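Asks: What follows is upload-v7.pdb, made up of PDB, C-alpha atoms:
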ATOM      1  CA  GLU A 459      -2.563  14.201   1.647
ATOM      2  CA  ARG A 460       0.442  11.956   1.643
ATOM      3  CA  ALA A 461       1.874  10.736   4.903
ATOM      4  CA  LYS A 462       5.406   9.431   4.695
ATOM      5  CA  GLY A 463       7.093   7.746   7.632
ATOM      6  CA  GLY A 464       9.956   9.611   9.212
ATOM      7  CA  ALA A 465      11.141   7.382  12.075
ATOM      8  CA  GLY A 466      13.094   4.153  12.094
ATOM      9  CA  ARG A 467      11.423   0.796  11.949
ATOM     10  CA  GLY A 468      11.541  -0.333  15.584
ATOM     11  CA  SER A 469      10.309   2.948  17.007
ATOM     12  CA  ALA A 470       7.253   2.876  19.284
ATOM     13  CA  GLN A 471       5.909   6.095  17.796
ATOM     14  CA  ARG A 472       6.281   7.142  14.219
ATOM     15  CA  HIS A 473       6.097  10.767  13.112
ATOM     16  CA  ASN A 474       4.987  11.416   9.578
ATOM     17  CA  ASP A 475       6.053  13.838   6.908
ATOM     18  CA  VAL A 476       2.763  15.090   5.470
ATOM     19  CA  ARG A 477       2.727  16.637   2.013
ATOM     20  CA  VAL A 478      -0.261  18.104   0.213
ATOM     21  CA  LEU A 479      -0.308  16.944  -3.392
ATOM     22  CA  ASP A 480      -1.710  19.368  -5.916
ATOM     23  CA  GLY A 481      -3.943  17.384  -8.210
ATOM     24  CA  GLY A 482      -4.548  20.304 -10.530
ATOM     25  CA  GLU A 483      -7.869  21.815 -11.475
ATOM     26  CA  ALA A 484     -10.916  20.753  -9.465
ATOM     27  CA  TRP A 485     -13.696  19.071 -11.410
ATOM     28  CA  PRO A 486     -17.301  18.345 -10.524
ATOM     29  CA  PRO A 487     -17.919  14.999  -8.802
ATOM     30  CA  LEU A 488     -17.615  11.948 -11.036
ATOM     31  CA  GLY A 489     -20.884  11.103 -12.740
ATOM     32  CA  VAL A 490     -22.314  14.649 -12.581
ATOM     33  CA  LEU A 491     -20.782  15.737 -15.888
ATOM     34  CA  PRO A 492     -18.869  13.706 -18.459
ATOM     35  CA  VAL A 493     -15.087  13.853 -18.243
ATOM     36  CA  PRO A 494     -13.893  16.284 -20.931
ATOM     37  CA  PRO A 495     -12.506  14.406 -23.960
ATOM     38  CA  ALA A 496      -9.262  16.409 -23.877
ATOM     39  CA  ALA A 497      -8.558  15.505 -20.235
ATOM     40  CA  GLN A 498      -5.144  13.945 -19.761
ATOM     41  CA  PRO A 499      -3.841  12.002 -16.749
ATOM     42  CA  ARG A 500      -1.330  13.932 -14.685
ATOM     43  CA  GLU A 501       1.413  12.250 -12.681
ATOM     44  CA  ILE A 502       1.664  13.706  -9.191
ATOM     45  CA  GLY A 503       4.068  11.323  -7.542
ATOM     46  CA  GLN A 504       4.752   7.753  -6.592
ATOM     47  CA  LEU A 505       3.523   5.825  -3.563
ATOM     48  CA  ARG A 506       6.724   4.254  -2.248
ATOM     49  CA  PRO A 507       6.925   1.273   0.124
ATOM     50  CA  GLY A 508       5.809   2.289   3.604
ATOM     51  CA  GLU A 509       4.041   5.438   2.406
ATOM     52  CA  ALA A 510       0.331   6.131   2.669
ATOM     53  CA  LEU A 511      -1.987   8.321   0.648
ATOM     54  CA  LEU A 512      -5.150   9.830   2.137
ATOM     55  CA  LEU A 513      -7.679  11.050  -0.396
ATOM     56  CA  HIS A 514     -10.496  13.191   0.950
ATOM     57  CA  THR A 515     -13.254  15.555  -0.065
ATOM     58  CA  ASP A 516     -13.216  19.192   0.979
ATOM     59  CA  GLY A 517     -15.514  18.418   3.922
ATOM     60  CA  ALA A 518     -12.517  17.016   5.818
ATOM     61  CA  GLU A 519     -10.501  20.240   5.717
ATOM     62  CA  ASP A 520     -13.481  22.616   5.825
ATOM     63  CA  ALA A 521     -14.967  21.139   9.023
ATOM     64  CA  ARG A 522     -15.129  23.833  11.714
ATOM     65  CA  ASP A 523     -15.387  23.757  15.467
ATOM     66  CA  ARG A 524     -17.824  25.938  17.451
ATOM     67  CA  HIS A 525     -15.303  28.811  17.318
ATOM     68  CA  GLY A 526     -15.092  28.640  13.507
ATOM     69  CA  ARG A 527     -11.620  27.060  13.395
ATOM     70  CA  PHE A 528     -10.924  24.631  10.558
ATOM     71  CA  PHE A 529      -9.992  21.022  11.274
ATOM     72  CA  PRO A 530      -6.159  20.775  11.244
ATOM     73  CA  LEU A 531      -5.958  17.705   8.994
ATOM     74  CA  ALA A 532      -2.231  17.948   8.202
ATOM     75  CA  ALA A 533      -1.345  18.369  11.890
ATOM     76  CA  PHE A 534      -3.564  15.428  12.807
ATOM     77  CA  LEU A 535      -1.889  13.201  10.188
ATOM     78  CA  THR A 536       1.594  14.268  11.287
ATOM     79  CA  ALA A 537       0.895  13.137  14.865
ATOM     80  CA  GLN A 538      -0.391   9.677  13.925
ATOM     81  CA  GLN A 539       1.403   6.423  14.561
ATOM     82  CA  THR A 540       1.689   3.929  11.733
ATOM     83  CA  LEU A 541      -1.852   2.686  11.151
ATOM     84  CA  THR A 542      -3.637   0.433   8.734
ATOM     85  CA  PRO A 543      -5.633   2.353   6.121
ATOM     86  CA  ALA A 544      -8.900   1.350   7.844
ATOM     87  CA  ARG A 545      -7.673   2.655  11.208
ATOM     88  CA  LEU A 546      -6.397   5.851   9.635
ATOM     89  CA  VAL A 547      -9.818   6.553   8.070
ATOM     90  CA  ALA A 548     -11.584   5.688  11.343
ATOM     91  CA  GLY A 549      -9.181   7.943  13.271
ATOM     92  CA  VAL A 550      -9.681  10.914  10.948
ATOM     93  CA  HIS A 551     -13.460  10.417  11.104
ATOM     94  CA  ALA A 552     -13.459  10.271  14.921
ATOM     95  CA  ALA A 553     -11.227  13.363  15.128
ATOM     96  CA  LEU A 554     -13.539  15.229  12.754
ATOM     97  CA  LEU A 555     -16.529  14.388  14.944
ATOM     98  CA  ARG A 556     -14.668  15.518  18.074
ATOM     99  CA  HIS A 557     -13.613  18.740  16.368
ATOM    100  CA  THR A 558     -17.138  19.593  15.198
ATOM    101  CA  GLY A 559     -18.960  18.462  18.333
ATOM    102  CA  GLY A 560     -20.460  15.538  16.438
ATOM    103  CA  ARG A 561     -22.055  17.650  13.716
ATOM    104  CA  LEU A 562     -20.398  17.683  10.313
ATOM    105  CA  ALA A 563     -21.845  20.503   8.180
ATOM    106  CA  ASP A 564     -20.631  18.971   4.892
ATOM    107  CA  ASP A 565     -20.265  15.467   3.564
ATOM    108  CA  VAL A 566     -16.891  13.816   4.044
ATOM    109  CA  ALA A 567     -15.408  11.009   1.994
ATOM    110  CA  LEU A 568     -12.081   9.455   3.018
ATOM    111  CA  LEU A 569      -9.973   6.834   1.267
ATOM    112  CA  ALA A 570      -6.582   5.680   2.534
ATOM    113  CA  LEU A 571      -4.077   3.643   0.537
ATOM    114  CA  ARG A 572      -0.751   2.295   1.775
ATOM    115  CA  ASN A 573       2.067   0.608  -0.092
ATOM    116  CA  ASP A 574       2.946  -2.416   2.067
ATOM    117  CA  ARG A 575       5.656  -3.751  -0.228
ATOM    118  CA  PRO A 576       9.085  -4.066   1.406
TER
END
Represent the structure of the file as structure tokens.

Replies:
Amino acid sequence: ERAKGGAGRGSAQRHNDVRVLDGGEAWPPLGVLPVPPAAQPREIGQLRPGEALLLHTDGAEDARDRHGRFFPLAAFLTAQQTLTPARLVAGVHAALLRHTGGRLADDVALLALRNDRP
């Protein structure tokens, strides 16, 4: 997921433009099988100043509440204020736990990157 700021700099609350980046074909987790020799890197965009990138495993989007509803990750990211990567990861994790009643059925890995260059 890529969250891009949409409000001006002095604003008290910042709304984000969230885009899902298609990384192409899914592969097994790193280390389970060797990377195919013919695999080529694929450019999927550029992280511009002020933008953030949230990488996550499928457990983040597949988490369900007691009614079977999926966690609305994109909606959650859209509503966030500008946060440090550590606070973004902590916020997503806390929201996932709230959504699932504290019981995640699948593993979740989250990694947030932000370009802080002016």

Asks: Taking all atoms listed in the file into account, name the residue in A:Leu541, A:Ala484, A:Asn573, A:Gly549 that is nearest to A:Thr515.

Replies: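 Checking each candidate against A:Thr515, we get A:Ala484 as the closest.
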
Asks: Counting all atoms listed in the file, figure out which residue out of A:Leu571, A:Asp565, A:Arg477, A:Arg506 gets nearest to A:Thr536.

Replies: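 The answer is A:Arg477, which sits nearest to A:Thr536.
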
Asks: I'd like the interatomic distance between atom CA of A:Arg572 and atom CA of A:Ala518, to a tenth of an Å.

Replies: 19.3 Å

Asks: Excluding A:Leu546 and any residue of its chain fewer than 4 positions from it, enumerate the residues within 12 Å of it, using all atoms listed in the file, and give them as number ranges by chain.

Replies: A: 461, 510-513, 531, 534-542, 550-553, 568-572

Asks: Select, from A:Gly489, A:Pro495, A:Pro576, A:Gly526, the residue with the minimum atom-to-atom distance to A:Gly508, counting all atoms listed in the file.

Replies: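 With all atoms listed in the file as the atom set, the closest residue is A:Pro576.
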
Asks: How far is it from atom CA of A:Ala532 to atom CA of A:Gly517, in Å with one decimal?

Replies: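 Value for the atom CA of A:Ala532-atom CA of A:Gly517 distance: 14.0 Å.
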
Asks: So the first atom is atom CA of A:Pro486 and the second is atom CA of A:Arg500; what is the distance between them in Å, to one decimal place?

Replies: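 Straight-line distance from atom CA of A:Pro486 to atom CA of A:Arg500 works out to 17.1 Å.
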
Asks: Under the rule of at most 8 Å, produce a per-residue listing of stretch 465-555 of chain A near stretch 559-562 of chain A: chain, number, name, the closest pair of atoms, and the distance in Å, as CSV, using all atoms listed in the file.

Replies:
residue,atom,partner,partner_atom,distance
A:Ala521,CA,A:Leu562,CA,6.6
A:Asp523,CA,A:Gly559,CA,7.0
A:Arg524,CA,A:Gly559,CA,7.6
A:Leu554,CA,A:Leu562,CA,7.7
A:Leu555,CA,A:Gly560,CA,4.4

Asks: Restricting the calculation to only C-alpha atoms, which member of A:Pro530, A:Asp574, A:Pro543, A:Gln504 is positioned closest to A:His557?

Replies: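 Residue with the minimum atom-to-atom distance to A:His557: A:Pro530.
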
Asks: For A:Ala567, which residue among A:Glu519, A:Arg545, A:Arg527, A:Val490 is the nearest when counting all atoms listed in the file?

Replies: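 Comparing A:Glu519, A:Arg545, A:Arg527, A:Val490 against A:Ala567, the winner is A:Glu519.
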